[in-house]
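Peer 1: Dropping a structure here in structure tokens format, bear with me for questions.
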Amino acid sequence: MESPTPSSSRASSDAVRALLFAGQGSQRRGMGAEVFDAFPEHCALADDILGYSIRDLCLHDEGDRLRRTRYAQPALFTVHALTHLAQRAEHPEPDVVAGHSLGEFNALVVAGVLDFATGLRLVAERARLMGEADGGAMAAVIGLGVSDVAEVLAASGRDDVEIANDNSPTQVVISGTPDGVSTITGLLTSGGGTVRCVPLPVSAAFHSRDMAPAADRFAALLAEVTLGPPRLPVIANVTARPYPTGEPVAALLGRQMRSRVRWGESMTHLLESGVDEIWEIGRGRTLTGFWREAVAAHGKRAGTRPEPILPEPVAPRVQPAGRPGTELGSARFRQVYRTRHAYVAGSMYQGIASTDMVIRLAEAGLFGFFGTGGLSLAEVRTALDDIERRLPVGAAYGMNLLHDMTDGALERATVELYLQRGVRFVEAAAFTRVTAPLVLFRAKGAHRDGAGRPMAAHQVLAKVSRPEVARQFLAPPAPELLTRLLAERALTEEEAAIAAELPVASDLCVESDSGGHTDGGVALALLPTMLRLRESISPRGGEPVRVGAAGGIGTPEAVAACVLLGADFVLTGSINQCSPQAGTSDLVKDLLAGLDVQDVTYAPAGDLFEIGSRVQVVRRGTMFAARANQLHELYRRHPGLEHIDRKTLTTLERTCFRQPLTQVWEHVVRHYRDTGRPELIRDAERDPKRKMALVFKWYFAESTRLARDGVKENAANVQIHCGPAMGAFNHLVEGTALESWRRRDVDAIADLLMTGAAEVLATAGAR
């Protein structure tokens with residue numbers, strides 16, 4: 001069968017639907033949680049075939065096994081197969097099926113070529129063979145199509161690199177030797193522009209001629225397996241056409257491992273065959289993005305099978321109408337950040353501003369920063385892996401860079417990681433001064449355009465609340481910082497010279513009273529002051545710094561007020577914490593959804609405990625603020641723990657720490673030794689005041705963990721950073737579908753605020 005046709009069970013006017021299965025790279029810890037209990041027999045069968053618990057692997061992933069091909073492929077195949085079984089009752093049978101690389105095996109199961117057990121056995125062997133391959137590399141090329149990449153490959157004269165995946169008109173994957181891939185990616189990005197090359201975390205050159213030995217061994221195995229004819233059209237990766245009727249499936253399937261994945265051609269074939277809608281099984285919407293690109297190139301409107309229908313929301317108090325929100329703020333900001341609103345979801349520490357949040361915003365044409373504060377470098381690297389795998393083609397995202405006065409090495413390592421991974425947007429937070437690592441990020445890749453004007457390759461959105469700090473970001477880097485980076489050979493002479501003509505920040509976000517670190521500033525005073533400061537510090541070249549507003553933004557009226565004050569963009573924080581995408585517990589979200597504007601207060605900041613810096617936190621439903629303030633007062637008044645009376649210490653052990661302080665100290669010692677900072681323990685053992693600070697700071701770290709994990713039995717000690725904007729937003733959505741936090745998707749929040757602000761301004765202008 002050369003083209004899919006509607007099944008006889010449907011009227012001819014019904015849409016033609018394709019079911020698509022994602023491939024390797026969409027795996028994650030926790031996947032399958034919603035389907036394992038529904039299919040115990042399949043899980044038991046999988047355990048018998050694999051020799052380990054598929055449930056434990058997917059839900060707990062001890063030893064980080066899901067990053068290894070040998071485990072990732074069987075896990076994904078199983079979860080995707082069970083997900084399809086769970087969805088069969090809700091969705092009609094597809095007219096045609098396809099799968100990206102590994103996903104093709106799931107497609108063959110749906111078409112009746114394989115049963116679940118046979119498919120899993122084949123996938124397990126395929127994964128073993130691919131996992132044993134060694135010595136190759138792969139990279140995703142974003143911003144070019146297959147013909148452009150092929151032209152560069154041909155011109156290079158190298159025969160050790162080839163195209164492995166033709167995913168879409170703007171995404172291609174190359175595969176080959178590490179040296180060859182490195183050379184080709186250098187050629188592809190040498191002209192500047194928007195082309196990005198992202199190295200993929202693989203150990204071999206998959207879908208290339210280097211996989212021929214493994215493919216031959218797998219083909220021999222296929223020859224011994226009985227494969228039935230497809231009862232539905234299945235698009236083969238190798239040909240981008242359905243498996244031919246009357247020909248053995250094994251002939252094409254055996255070539256897949258060493259052949260190009262012709263996904264872009266497959267999507268074009270589906271369109272030309274009359275497919276109207278697709279339904280994707282797999283984490284994220286990567287294949288949906290490729291489909292939409294193919295549709296756009298083909299001149300049709302993309303169709304996707306709808307998500308489960310929810311009740312229609314009651315109209316919010318500020319009905320999105322009038323001028324569209326896309327007209328508010330700076331048009332240049334929207335262009336640079338590739339967002340339809342002059343709106344940013346800011347980072348929230350410990351990954352509360354999660355990868356899910358960043359991806360959801362990107363899928364909706366919006367922009368968000370991932371919250372790296374308090375995470376290890378390994379955790380940040382894992383987050384980047386996740387974002388890069390799932391990021392829609394052409395979308396932008398940002399990463400937080402949190403200044404740490406006590407750990408400059410981590411700040412430098414984080415910047416180097418960002419540069420290595422091609423991160424272009426950074427939110428600089430908690431900086432009291434401009435540092436060398438921040439200048440390195442801003443200056444790296446600086447160049448001149450065709451007219452000789454200085455241009456930066458990286459955008460720095462600096463959050464500030466004090467004019468003296470803003471001055472540093474509005475001006476070019478201090479000469480001594482550039483000199484230091486030149487001496488380290490971190491910058492070239494040209495990069496340093498151009499950076500000296502550019503302000504450190506591309507964007508300045510004026511942070512008023514807000515959740516987390518705050519000076520308690522007032523937007524009415526701060527924003528006009530910063531705007532005047534910008535006008536007084538004229539950059540020597542390049543674009544003027546854009547100035548935005550953050551803090552207390554939880555209603556359309558607040559957004560409108562910021563726009564009237566002259567803000568180029570707005571940044572939200574607290575309200576995004578109460579969304580399905582936020583990386584915190586349901587316990588916290590339930591509490592936040594019930595807050596009023598007065599239910600927040602100030603407490604000491606754990607990371608800057610010794611100097612008395614403060615954060616704004618939730619006070620309703622938790623004793624954290626009162627207990628944290630007590631700890632800081634004790635620290636301020638006493639030279640060491642031994643000087644605090646026994647009654648007070650006993651109370652602290654019972655209420656704050658819930659264990660003896662001797663055990664707390666053991667936790668502290670273990671933490672700093674495990675994280676490679678034993679010198680802090682040595683210093684504390686010589687300094688009673690320092691030891692007391694480390695013990696007390698353990699409470700702040702533990703209270704954050706309790707909130708993140710949703711520990712109900714110790715809810716009195718949870719720490720939740722939040723400002724009054726949360727209460728204001730709760731009032732806004734009272735009586736609407738968004739009253740439940742489970743409906744408060746971060747893109748819905750953004751649209752409600754921005755379109756509502758447009759109406760507020762339009763109404764005010766009509767008065």
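Chains: A, B, ... in order of the structure tokens. Residues: from 1 per chain. Ligands: from 1, in order shown.
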Identify, on the basis of only C-alpha atoms, every residue whose closest approach to Leu375 (chain A) does not exceed 10 Å; exclude the query and any residue fewer than 3 positions from it along the same chain; express the result as an mmCIF file with N, CA and C atoms, in the first residue's frame.
Peer 2:
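Output contents, as saved in selection-v3.cif:
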data_model
loop_
_atom_site.group_PDB
_atom_site.id
_atom_site.type_symbol
_atom_site.label_atom_id
_atom_site.label_comp_id
_atom_site.auth_asym_id
_atom_site.auth_seq_id
_atom_site.Cartn_x
_atom_site.Cartn_y
_atom_site.Cartn_z
ATOM 1 N N TYR A 349 14.619 29.220 41.962
ATOM 2 C CA TYR A 349 15.730 28.348 42.320
ATOM 3 C C TYR A 349 15.312 26.890 42.487
ATOM 4 N N GLN A 350 16.346 26.009 42.550
ATOM 5 C CA GLN A 350 16.156 24.567 42.734
ATOM 6 C C GLN A 350 15.313 23.952 41.625
ATOM 7 N N GLY A 351 15.356 24.541 40.442
ATOM 8 C CA GLY A 351 14.602 23.980 39.335
ATOM 9 C C GLY A 351 13.104 24.113 39.473
ATOM 10 N N GLY A 371 15.611 27.637 36.344
ATOM 11 C CA GLY A 371 16.140 28.051 37.645
ATOM 12 C C GLY A 371 17.254 27.153 38.152
ATOM 13 N N THR A 372 18.488 27.615 38.050
ATOM 14 C CA THR A 372 19.651 26.799 38.423
ATOM 15 C C THR A 372 20.101 27.001 39.863
ATOM 16 N N ALA A 378 26.319 19.223 37.686
ATOM 17 C CA ALA A 378 25.814 18.020 37.017
ATOM 18 C C ALA A 378 24.308 18.118 36.790
ATOM 19 N N GLU A 379 23.592 18.669 37.756
ATOM 20 C CA GLU A 379 22.141 18.826 37.602
ATOM 21 C C GLU A 379 21.810 19.864 36.532
ATOM 22 N N VAL A 380 22.609 20.912 36.442
ATOM 23 C CA VAL A 380 22.405 21.912 35.392
ATOM 24 C C VAL A 380 22.664 21.286 34.025
ATOM 25 N N ARG A 381 23.695 20.467 33.949
ATOM 26 C CA ARG A 381 24.010 19.797 32.676
ATOM 27 C C ARG A 381 22.859 18.877 32.253
#
Peer 1: Just the strand (DSSP E or B) stuff from region 199-395 of chain A, please, per backbone DSSP, written as a PyMOL selection string.
Peer 2: chain A and resi 199+234-235+242+261+277-281+304+343-345+368-370
Peer 1: Save the residues we just selected, C-alpha atoms, as an mmCIF file, in the first residue's frame?
Peer 2:
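Output saved as part_2.cif:
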data_model
loop_
_atom_site.group_PDB
_atom_site.id
_atom_site.type_symbol
_atom_site.label_atom_id
_atom_site.label_comp_id
_atom_site.auth_asym_id
_atom_site.auth_seq_id
_atom_site.Cartn_x
_atom_site.Cartn_y
_atom_site.Cartn_z
ATOM 1 C CA PRO A 199 26.575 17.740 20.374
ATOM 2 C CA VAL A 234 3.800 1.775 8.472
ATOM 3 C CA ILE A 235 6.211 4.422 7.196
ATOM 4 C CA PRO A 242 5.099 2.502 3.670
ATOM 5 C CA VAL A 261 16.248 8.440 9.263
ATOM 6 C CA GLU A 277 -3.948 15.178 11.893
ATOM 7 C CA ILE A 278 -1.194 13.524 13.903
ATOM 8 C CA TRP A 279 -1.065 12.196 17.441
ATOM 9 C CA GLU A 280 2.324 11.840 19.128
ATOM 10 C CA ILE A 281 3.249 9.349 21.832
ATOM 11 C CA THR A 304 -2.876 17.647 15.725
ATOM 12 C CA TYR A 343 7.027 38.895 28.753
ATOM 13 C CA VAL A 344 9.452 36.561 30.502
ATOM 14 C CA ALA A 345 8.931 33.860 33.128
ATOM 15 C CA GLY A 368 11.359 31.355 30.162
ATOM 16 C CA PHE A 369 14.532 30.926 32.205
ATOM 17 C CA PHE A 370 15.431 27.652 33.910
#
Peer 1: Write down as a PyMOL selection string the residues of region 348-495 of chain A whose backbone DSSP state falls under helix (DSSP H, G or I).
Peer 2: chain A and resi 355-363+377-390+408-421+436-443+467-474+479-487+493-495
Peer 1: Determine, using only C-alpha atoms, which residues of region 239-278 of chain A have any atom at most 12 Å from an atom of region 120-123 of chain A, and tabulate each with its shortest atom pair and distance in Å to one decimal place, rows ordered by chain and then rising number, as JSON lines.
Peer 2:
{"residue": "A:Ala250", "atom": "CA", "partner": "A:Leu122", "partner_atom": "CA", "distance": 11.6}
{"residue": "A:Leu253", "atom": "CA", "partner": "A:Leu122", "partner_atom": "CA", "distance": 11.1}
{"residue": "A:Gly254", "atom": "CA", "partner": "A:Leu122", "partner_atom": "CA", "distance": 11.1}
{"residue": "A:Met257", "atom": "CA", "partner": "A:Val123", "partner_atom": "CA", "distance": 11.5}
Peer 1: Select, from A:Ser175, A:Thr185, A:Gln87, A:Thr555, the residue with the minimum atom-to-atom distance to Ala758 (chain A), counting only C-alpha atoms.
Peer 2: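 Ranking A:Ser175, A:Thr185, A:Gln87, A:Thr555 by distance to Ala758 (chain A), first place goes to A:Thr555.
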